[in-house]
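J.: My structure is stored as final.cif, with mmCIF, C-alpha atoms and all ligand atoms.
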data_upload
loop_
_atom_site.label_atom_id
_atom_site.label_comp_id
_atom_site.auth_asym_id
_atom_site.auth_seq_id
_atom_site.Cartn_x
_atom_site.Cartn_y
_atom_site.Cartn_z
CA MET A 1217 -10.03 -11.24 -9.52
CA LEU A 1218 -13.30 -9.95 -8.06
CA PRO A 1219 -13.67 -6.14 -8.09
CA SER A 1220 -13.93 -6.20 -4.29
CA ASP A 1221 -10.51 -7.92 -4.04
CA ARG A 1222 -8.87 -4.89 -5.64
CA ILE A 1223 -9.89 -2.61 -2.80
CA ILE A 1224 -7.63 -2.38 0.24
CA VAL A 1225 -9.16 -0.61 3.23
CA PRO A 1226 -6.75 0.97 5.72
CA LEU A 1227 -7.21 0.26 9.40
CA ASP A 1228 -6.29 3.86 10.25
CA VAL A 1229 -7.18 3.56 13.94
CA PRO A 1230 -5.00 3.72 17.07
CA ASN A 1231 -5.68 0.37 18.74
CA GLU A 1232 -6.92 -3.17 18.32
CA THR A 1233 -10.36 -2.53 19.80
CA ALA A 1234 -11.09 0.14 17.21
CA ALA A 1235 -9.62 -2.06 14.47
CA ILE A 1236 -11.83 -5.01 15.39
CA ALA A 1237 -14.89 -2.74 15.41
CA LEU A 1238 -14.06 -1.78 11.81
CA LEU A 1239 -13.47 -5.41 10.80
CA ASP A 1240 -16.85 -6.36 12.28
CA GLN A 1241 -18.54 -3.51 10.46
CA LEU A 1242 -17.07 -4.53 7.08
CA PRO A 1243 -16.96 -8.36 6.92
CA GLN A 1244 -17.10 -8.21 3.10
CA VAL A 1245 -13.70 -6.47 2.87
CA SER A 1246 -11.03 -9.07 2.09
CA PHE A 1247 -7.87 -6.93 2.05
CA TRP A 1248 -6.84 -4.63 4.92
CA LYS A 1249 -3.91 -2.26 5.37
CA VAL A 1250 -2.14 -1.99 8.72
CA GLY A 1251 -0.01 1.11 9.05
CA LEU A 1252 2.37 2.53 11.62
CA GLU A 1253 -0.26 3.96 13.97
CA LEU A 1254 -2.06 0.68 14.54
CA PHE A 1255 1.05 -1.52 14.45
CA VAL A 1256 2.90 0.61 16.99
CA GLY A 1257 -0.30 0.90 19.06
CA SER A 1258 -1.28 -2.76 19.06
CA GLY A 1259 1.82 -4.80 18.16
CA GLY A 1260 1.58 -7.86 15.98
CA GLN A 1261 -1.63 -9.16 17.54
CA ILE A 1262 -3.77 -7.36 14.97
CA LEU A 1263 -1.99 -9.31 12.21
CA GLU A 1264 -2.83 -12.59 13.95
CA THR A 1265 -6.47 -11.47 14.18
CA LEU A 1266 -6.57 -10.65 10.47
CA LYS A 1267 -5.06 -14.04 9.61
CA GLN A 1268 -7.59 -15.84 11.81
CA ARG A 1269 -10.32 -14.08 9.85
CA GLN A 1270 -8.65 -15.17 6.58
CA LYS A 1271 -8.03 -11.60 5.47
CA ARG A 1272 -5.20 -10.49 3.21
CA ILE A 1273 -2.79 -8.03 4.80
CA PHE A 1274 -0.96 -5.03 3.42
CA LEU A 1275 1.62 -4.21 6.11
CA ASP A 1276 2.49 -0.59 5.39
CA LEU A 1277 5.42 0.11 7.73
CA LYS A 1278 7.61 1.75 5.07
CA PHE A 1279 10.94 0.26 6.14
CA HIS A 1280 13.98 2.47 5.44
CA ASP A 1281 17.25 1.36 7.01
CA ILE A 1282 20.60 -0.32 6.35
CA PRO A 1283 20.42 -3.63 4.42
CA ASN A 1284 20.98 -5.85 7.48
CA THR A 1285 18.20 -4.18 9.47
CA MET A 1286 15.82 -4.14 6.50
CA ALA A 1287 16.44 -7.86 6.03
CA GLY A 1288 15.68 -8.59 9.70
CA ALA A 1289 12.48 -6.52 9.63
CA CYS A 1290 11.33 -8.23 6.43
CA ARG A 1291 12.03 -11.67 7.89
CA SER A 1292 9.90 -10.81 10.92
CA ALA A 1293 7.11 -9.47 8.71
CA ALA A 1294 7.24 -12.58 6.52
CA ARG A 1295 6.55 -14.77 9.57
CA TYR A 1296 3.16 -13.07 10.01
CA GLY A 1297 2.14 -14.20 6.53
CA VAL A 1298 1.48 -10.71 5.22
CA ASP A 1299 0.73 -10.33 1.51
CA LEU A 1300 2.17 -6.89 0.76
CA LEU A 1301 4.92 -5.04 2.61
CA THR A 1302 6.24 -1.53 1.96
CA VAL A 1303 9.88 -0.43 1.92
CA HIS A 1304 11.30 2.92 0.82
CA ALA A 1305 12.92 2.61 -2.60
CA ALA A 1306 15.31 5.36 -1.47
CA ALA A 1307 16.97 2.83 0.87
CA GLY A 1308 18.91 1.79 -2.24
CA ARG A 1309 19.46 -1.24 -4.42
CA ILE A 1310 21.42 -3.40 -1.96
CA ALA A 1311 18.93 -2.82 0.85
CA LEU A 1312 16.00 -3.62 -1.46
CA GLN A 1313 17.58 -6.79 -2.84
CA THR A 1314 18.61 -7.97 0.62
CA ALA A 1315 15.14 -7.26 2.00
CA GLN A 1316 13.31 -9.15 -0.76
CA THR A 1317 15.68 -12.12 -0.50
CA ALA A 1318 15.34 -12.27 3.30
CA ALA A 1319 11.53 -12.16 3.15
CA THR A 1320 11.38 -14.87 0.46
CA GLU A 1321 13.84 -17.17 2.25
CA GLU A 1322 12.10 -16.81 5.61
CA ALA A 1323 8.69 -17.57 4.13
CA GLY A 1324 10.21 -20.58 2.33
CA THR A 1325 11.70 -21.89 5.56
CA ILE A 1326 8.33 -21.95 7.27
CA GLY A 1327 6.47 -23.05 4.15
CA ILE A 1328 4.21 -20.07 3.51
CA ALA A 1329 3.81 -17.68 0.56
CA PRO A 1330 6.39 -14.86 0.68
CA PRO A 1331 5.23 -11.28 1.07
CA ARG A 1332 5.47 -9.13 -2.02
CA LEU A 1333 7.63 -6.11 -1.30
CA ILE A 1334 6.48 -2.85 -2.81
CA GLY A 1335 8.54 0.30 -2.98
CA ILE A 1336 7.52 3.73 -1.77
CA THR A 1337 8.57 6.12 -4.54
CA VAL A 1338 7.95 9.64 -3.18
CA LEU A 1339 5.72 10.48 -0.23
CA THR A 1340 2.77 12.45 -1.61
CA SER A 1341 3.17 14.90 1.26
CA LEU A 1342 6.49 16.06 -0.27
CA THR A 1343 6.14 19.13 -2.47
CA ALA A 1344 8.32 19.90 -5.50
CA GLN A 1345 9.84 22.68 -3.41
CA ALA A 1346 10.74 20.37 -0.51
CA LEU A 1347 12.27 17.85 -2.92
CA ALA A 1348 14.49 20.55 -4.45
CA PHE A 1349 15.39 22.71 -1.47
CA GLU A 1350 15.19 20.38 1.55
CA LEU A 1351 16.22 17.04 0.05
CA LYS A 1352 18.37 18.70 -2.68
CA ILE A 1353 17.16 16.27 -5.32
CA PRO A 1354 17.65 17.86 -8.75
CA LEU A 1355 14.75 16.09 -10.50
CA GLU A 1356 11.11 16.89 -11.13
CA LEU A 1357 8.83 15.08 -8.68
CA THR A 1358 7.34 12.80 -11.34
CA ASP A 1359 10.76 11.95 -12.77
CA TYR A 1360 12.03 11.12 -9.30
CA ALA A 1361 8.98 8.90 -8.64
CA LEU A 1362 9.65 7.09 -11.93
CA GLN A 1363 13.32 6.59 -11.09
CA MET A 1364 12.41 5.16 -7.68
CA ALA A 1365 9.87 2.79 -9.25
CA LEU A 1366 12.49 1.60 -11.73
CA LEU A 1367 15.01 1.11 -8.94
CA ALA A 1368 12.42 -0.98 -7.07
CA LYS A 1369 11.78 -3.07 -10.18
CA GLU A 1370 15.45 -3.56 -11.02
CA SER A 1371 16.13 -4.58 -7.40
CA GLY A 1372 13.59 -7.40 -7.68
CA LEU A 1373 10.68 -5.85 -5.81
CA ALA A 1374 7.15 -6.83 -6.83
CA GLY A 1375 5.80 -3.32 -7.27
CA ALA A 1376 5.41 0.24 -6.05
CA VAL A 1377 2.98 2.56 -4.34
CA CYS A 1378 2.13 5.54 -6.51
CA SER A 1379 -0.37 8.33 -6.94
CA PRO A 1380 -3.16 7.73 -9.50
CA GLN A 1381 -1.68 10.66 -11.43
CA GLU A 1382 1.50 8.68 -12.12
CA VAL A 1383 0.02 5.24 -12.59
CA ALA A 1384 -0.41 5.29 -16.39
CA GLN A 1385 3.19 6.37 -16.96
CA LEU A 1386 4.51 3.85 -14.44
CA ARG A 1387 2.49 1.05 -15.98
CA GLU A 1388 3.93 1.85 -19.38
CA ILE A 1389 7.52 1.99 -18.15
CA CYS A 1390 7.48 -0.84 -15.58
CA GLY A 1391 5.42 -3.34 -17.56
CA LYS A 1392 2.29 -5.36 -16.88
CA ASP A 1393 3.68 -7.63 -14.16
CA PHE A 1394 4.77 -4.82 -11.83
CA LEU A 1395 2.20 -4.30 -9.05
CA LEU A 1396 0.93 -0.75 -8.74
CA VAL A 1397 -0.94 0.19 -5.59
CA CYS A 1398 -2.70 3.56 -5.46
CA PRO A 1399 -3.96 5.57 -2.51
CA GLY A 1400 -5.48 8.99 -3.25
CA VAL A 1401 -8.65 7.49 -4.72
CA ARG A 1402 -12.05 9.15 -4.32
CA PRO A 1403 -15.47 8.22 -5.74
CA THR A 1404 -17.28 11.30 -7.14
CA TRP A 1405 -19.76 11.18 -4.24
CA ALA A 1406 -17.10 11.29 -1.47
CA ALA A 1407 -15.31 14.28 0.07
CA LYS A 1408 -11.74 14.69 -1.16
CA GLY A 1409 -10.38 15.49 2.32
CA ASP A 1410 -6.62 16.04 2.17
CA GLN A 1411 -6.21 14.00 -1.05
CA GLN A 1412 -5.79 16.92 -3.43
CA ARG A 1413 -4.93 15.02 -6.61
CA ALA A 1414 -7.48 12.25 -6.28
CA MET A 1415 -8.91 10.11 -9.08
CA THR A 1416 -12.05 7.96 -9.10
CA PRO A 1417 -11.64 4.20 -8.45
CA ALA A 1418 -12.72 3.29 -11.99
CA ALA A 1419 -10.35 5.84 -13.56
CA ALA A 1420 -7.39 4.69 -11.43
CA LEU A 1421 -7.94 1.04 -12.43
CA GLN A 1422 -8.42 2.07 -16.05
CA ALA A 1423 -5.09 3.93 -15.86
CA GLY A 1424 -3.34 0.73 -14.77
CA ALA A 1425 -3.60 0.35 -10.96
CA ASP A 1426 -3.79 -3.21 -9.59
CA TYR A 1427 -4.99 -2.29 -6.11
CA LEU A 1428 -6.66 0.79 -4.66
CA VAL A 1429 -6.26 1.92 -1.06
CA ILE A 1430 -9.54 3.59 -0.13
CA GLY A 1431 -10.05 4.73 3.45
CA ARG A 1432 -12.31 7.54 4.56
CA PRO A 1433 -14.85 7.35 1.70
CA ILE A 1434 -15.69 3.92 3.18
CA THR A 1435 -14.76 4.08 6.86
CA THR A 1436 -16.39 7.46 7.62
CA ALA A 1437 -19.47 6.95 5.40
CA ALA A 1438 -22.86 6.92 7.14
CA ASP A 1439 -23.15 3.30 5.95
CA PRO A 1440 -19.61 1.91 5.35
CA ALA A 1441 -20.87 -1.42 3.96
CA ASP A 1442 -23.03 0.40 1.42
CA ALA A 1443 -20.15 2.73 0.44
CA PHE A 1444 -17.93 -0.32 -0.16
CA ARG A 1445 -20.68 -2.01 -2.20
CA GLN A 1446 -21.19 1.13 -4.31
CA ILE A 1447 -17.47 1.31 -5.12
CA CYS A 1448 -17.47 -2.38 -6.11
CA VAL A 1449 -20.37 -1.72 -8.48
CA GLU A 1450 -18.59 1.30 -9.96
CA ILE A 1451 -15.42 -0.68 -10.79
CA GLN A 1452 -17.14 -3.83 -12.05
O1 LIG A 1501 -8.66 7.87 3.87
P1 LIG A 1501 -7.79 7.77 2.65
O2 LIG A 1501 -8.48 7.10 1.47
O3 LIG A 1501 -7.18 9.10 2.25
O4 LIG A 1501 -6.59 6.80 3.10
C1 LIG A 1501 -5.50 6.55 2.28
C2 LIG A 1501 -4.53 5.65 2.98
O5 LIG A 1501 -3.39 5.48 2.13
C3 LIG A 1501 -4.01 6.16 4.31
O6 LIG A 1501 -3.75 5.03 5.14
C4 LIG A 1501 -2.73 6.86 3.95
O7 LIG A 1501 -1.78 6.86 4.97
C5 LIG A 1501 -2.24 5.99 2.78
N1 LIG A 1501 -1.35 6.67 1.85
C6 LIG A 1501 -1.67 7.83 1.16
N2 LIG A 1501 -0.77 8.40 0.30
C7 LIG A 1501 0.42 7.84 0.13
C8 LIG A 1501 0.77 6.66 0.80
C9 LIG A 1501 -0.14 6.09 1.66
O8 LIG A 1501 -2.77 8.33 1.30
N3 LIG A 1501 1.26 8.37 -0.73
#
Starting from the file, lay out its structure as structure tokens.

T.:
Amino acid sequence: MLPSDRIIVPLDVPNETAAIALLDQLPQVSFWKVGLELFVGSGGQILETLKQRQKRIFLDLKFHDIPNTMAGACRSAARYGVDLLTVHAAAGRIALQTAQTAATEEAGTIGIAPPRLIGITVLTSLTAQALAFELKIPLELTDYALQMALLAKESGLAGAVCSPQEVAQLREICGKDFLLVCPGVRPTWAAKGDQQRAMTPAAALQAGADYLVIGRPITTAADPADAFRQICVEIQ
């Protein structure tokens, strides 16, 4: 895989016009993430646009519902031909299994590659205190993230989203074929912003990440194309 193919850039913009402006600015980016803001703002049209431009798609809608609804949502997502799709591991084993099966069957029916489902372990915005006192989960944050990754793996999901801080441990426990996707990545020359526990792209890959989600260091750089190129050189 080319170094540039390991970088997923989020289209963290509110509408299709802004998304297309970003796509035009960064034609060398092959893998884009569409999250809730853009999907709710623009509907599925942006996914069609990405497919027309032969881009790979990480549809990050973080499904979390009953098994039947998860299955329906995953079937619909599969029809767009997305590559990666997020679901909350906390939805539970039956929901995860049902979702993966539904996505695979739907893609098979229309003769396209199935999306790979990846589990959200713990939202990085959750503090240890919130986990204990709001969600009443009696585990350390890292232990809980590991348990959720294992649940995702045992339920047949392709991988998990995790912080670069957890990636080495998850790689060791979940094995080499489990996809690990890391946001919270910052080159040394970029501002950390709200990513407090960031790691450099090279260090995150070295620790075992398969894909890196890197947004603002590229999208808000004075020269986004040059920022992307620099990161590719750094991880070569
Ligand atoms: O701009 P930045 O590099 O911080 O963007 C990171 C992207 O990854 C954003 O789209 C953000 O929503 C997403 N993300 C994250 N932390 C998570 C899960 C997703 O930063 N735990």

J.: How many Å lie between CA of Leu1395 (chain A) and atom C9 of ligand LIG 1501 (chain A), rounded to one decimal?

T.: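 Calculated distance between CA of Leu1395 (chain A) and atom C9 of ligand LIG 1501 (chain A) is 15.1 Å.
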
J.: What residues have any atom no more than 8 Å from ligand LIG 1501 (chain A) when counting only C-alpha atoms and all ligand atoms, and can you list them as a PyMOL selection string?

T.: chain A and resi 1225-1228+1249+1251+1336+1338-1341+1377-1379+1398-1402+1408-1411+1429-1433+1435

J.: Go ahead and write the residues just picked, C-alpha atoms, as a compact mmCIF listing (two decimals), in the coordinates of the input.

T.:
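Printed below is out.txt as written:
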# COMPACT_ATOMS: atom_id res chain seq x y z
CA VAL A 1225 -9.16 -0.61 3.23
CA PRO A 1226 -6.75 0.97 5.72
CA LEU A 1227 -7.21 0.26 9.40
CA ASP A 1228 -6.29 3.86 10.25
CA LYS A 1249 -3.91 -2.26 5.37
CA GLY A 1251 -0.01 1.11 9.05
CA ILE A 1336 7.52 3.73 -1.77
CA VAL A 1338 7.95 9.64 -3.18
CA LEU A 1339 5.72 10.48 -0.23
CA THR A 1340 2.77 12.45 -1.61
CA SER A 1341 3.17 14.90 1.26
CA VAL A 1377 2.98 2.56 -4.34
CA CYS A 1378 2.13 5.54 -6.51
CA SER A 1379 -0.37 8.33 -6.94
CA CYS A 1398 -2.70 3.56 -5.46
CA PRO A 1399 -3.96 5.57 -2.51
CA GLY A 1400 -5.48 8.99 -3.25
CA VAL A 1401 -8.65 7.49 -4.72
CA ARG A 1402 -12.05 9.15 -4.32
CA LYS A 1408 -11.74 14.69 -1.16
CA GLY A 1409 -10.38 15.49 2.32
CA ASP A 1410 -6.62 16.04 2.17
CA GLN A 1411 -6.21 14.00 -1.05
CA VAL A 1429 -6.26 1.92 -1.06
CA ILE A 1430 -9.54 3.59 -0.13
CA GLY A 1431 -10.05 4.73 3.45
CA ARG A 1432 -12.31 7.54 4.56
CA PRO A 1433 -14.85 7.35 1.70
CA THR A 1435 -14.76 4.08 6.86

J.: Could you name the residues that touch region 1304-1313 of chain A at 7 Å or less, counting only C-alpha atoms, but leaving out those on the same chain fewer than 5 positions away, as an MDAnalysis selection string?

T.: chainID A and resid 1278:1283 1286 1335:1337 1364 1367:1368 1371:1372

J.: Any chance you could export the current selection's C-alpha atoms as an mmCIF file, in the coordinates of the input?

T.:
data_model
loop_
_atom_site.group_PDB
_atom_site.id
_atom_site.type_symbol
_atom_site.label_atom_id
_atom_site.label_comp_id
_atom_site.auth_asym_id
_atom_site.auth_seq_id
_atom_site.Cartn_x
_atom_site.Cartn_y
_atom_site.Cartn_z
ATOM 1 C CA LYS A 1278 7.610 1.750 5.070
ATOM 2 C CA PHE A 1279 10.940 0.260 6.140
ATOM 3 C CA HIS A 1280 13.980 2.470 5.440
ATOM 4 C CA ASP A 1281 17.250 1.360 7.010
ATOM 5 C CA ILE A 1282 20.600 -0.320 6.350
ATOM 6 C CA PRO A 1283 20.420 -3.630 4.420
ATOM 7 C CA MET A 1286 15.820 -4.140 6.500
ATOM 8 C CA GLY A 1335 8.540 0.300 -2.980
ATOM 9 C CA ILE A 1336 7.520 3.730 -1.770
ATOM 10 C CA THR A 1337 8.570 6.120 -4.540
ATOM 11 C CA MET A 1364 12.410 5.160 -7.680
ATOM 12 C CA LEU A 1367 15.010 1.110 -8.940
ATOM 13 C CA ALA A 1368 12.420 -0.980 -7.070
ATOM 14 C CA SER A 1371 16.130 -4.580 -7.400
ATOM 15 C CA GLY A 1372 13.590 -7.400 -7.680
#

J.: Do a neighbour search on Glu1450 (chain A) at 10 Å with all atoms listed in the file, toss out local chain neighbours closer than 4 positions, and write the hits as a VMD selection string.

T.: chain A and resid 1219 1403 1416 to 1418 1444 to 1446

J.: So that all listed atoms of region 1329-1346 of chain A fit with 3 Å spare on each side, what axis-aligned box centre and edge lengths in Å, to one decimal, would you give as AutoDock Vina command-line options?

T.:
--center_x 6.8 --center_y 2.5 --center_z -2.1 --size_x 14.0 --size_y 46.4 --size_z 12.8
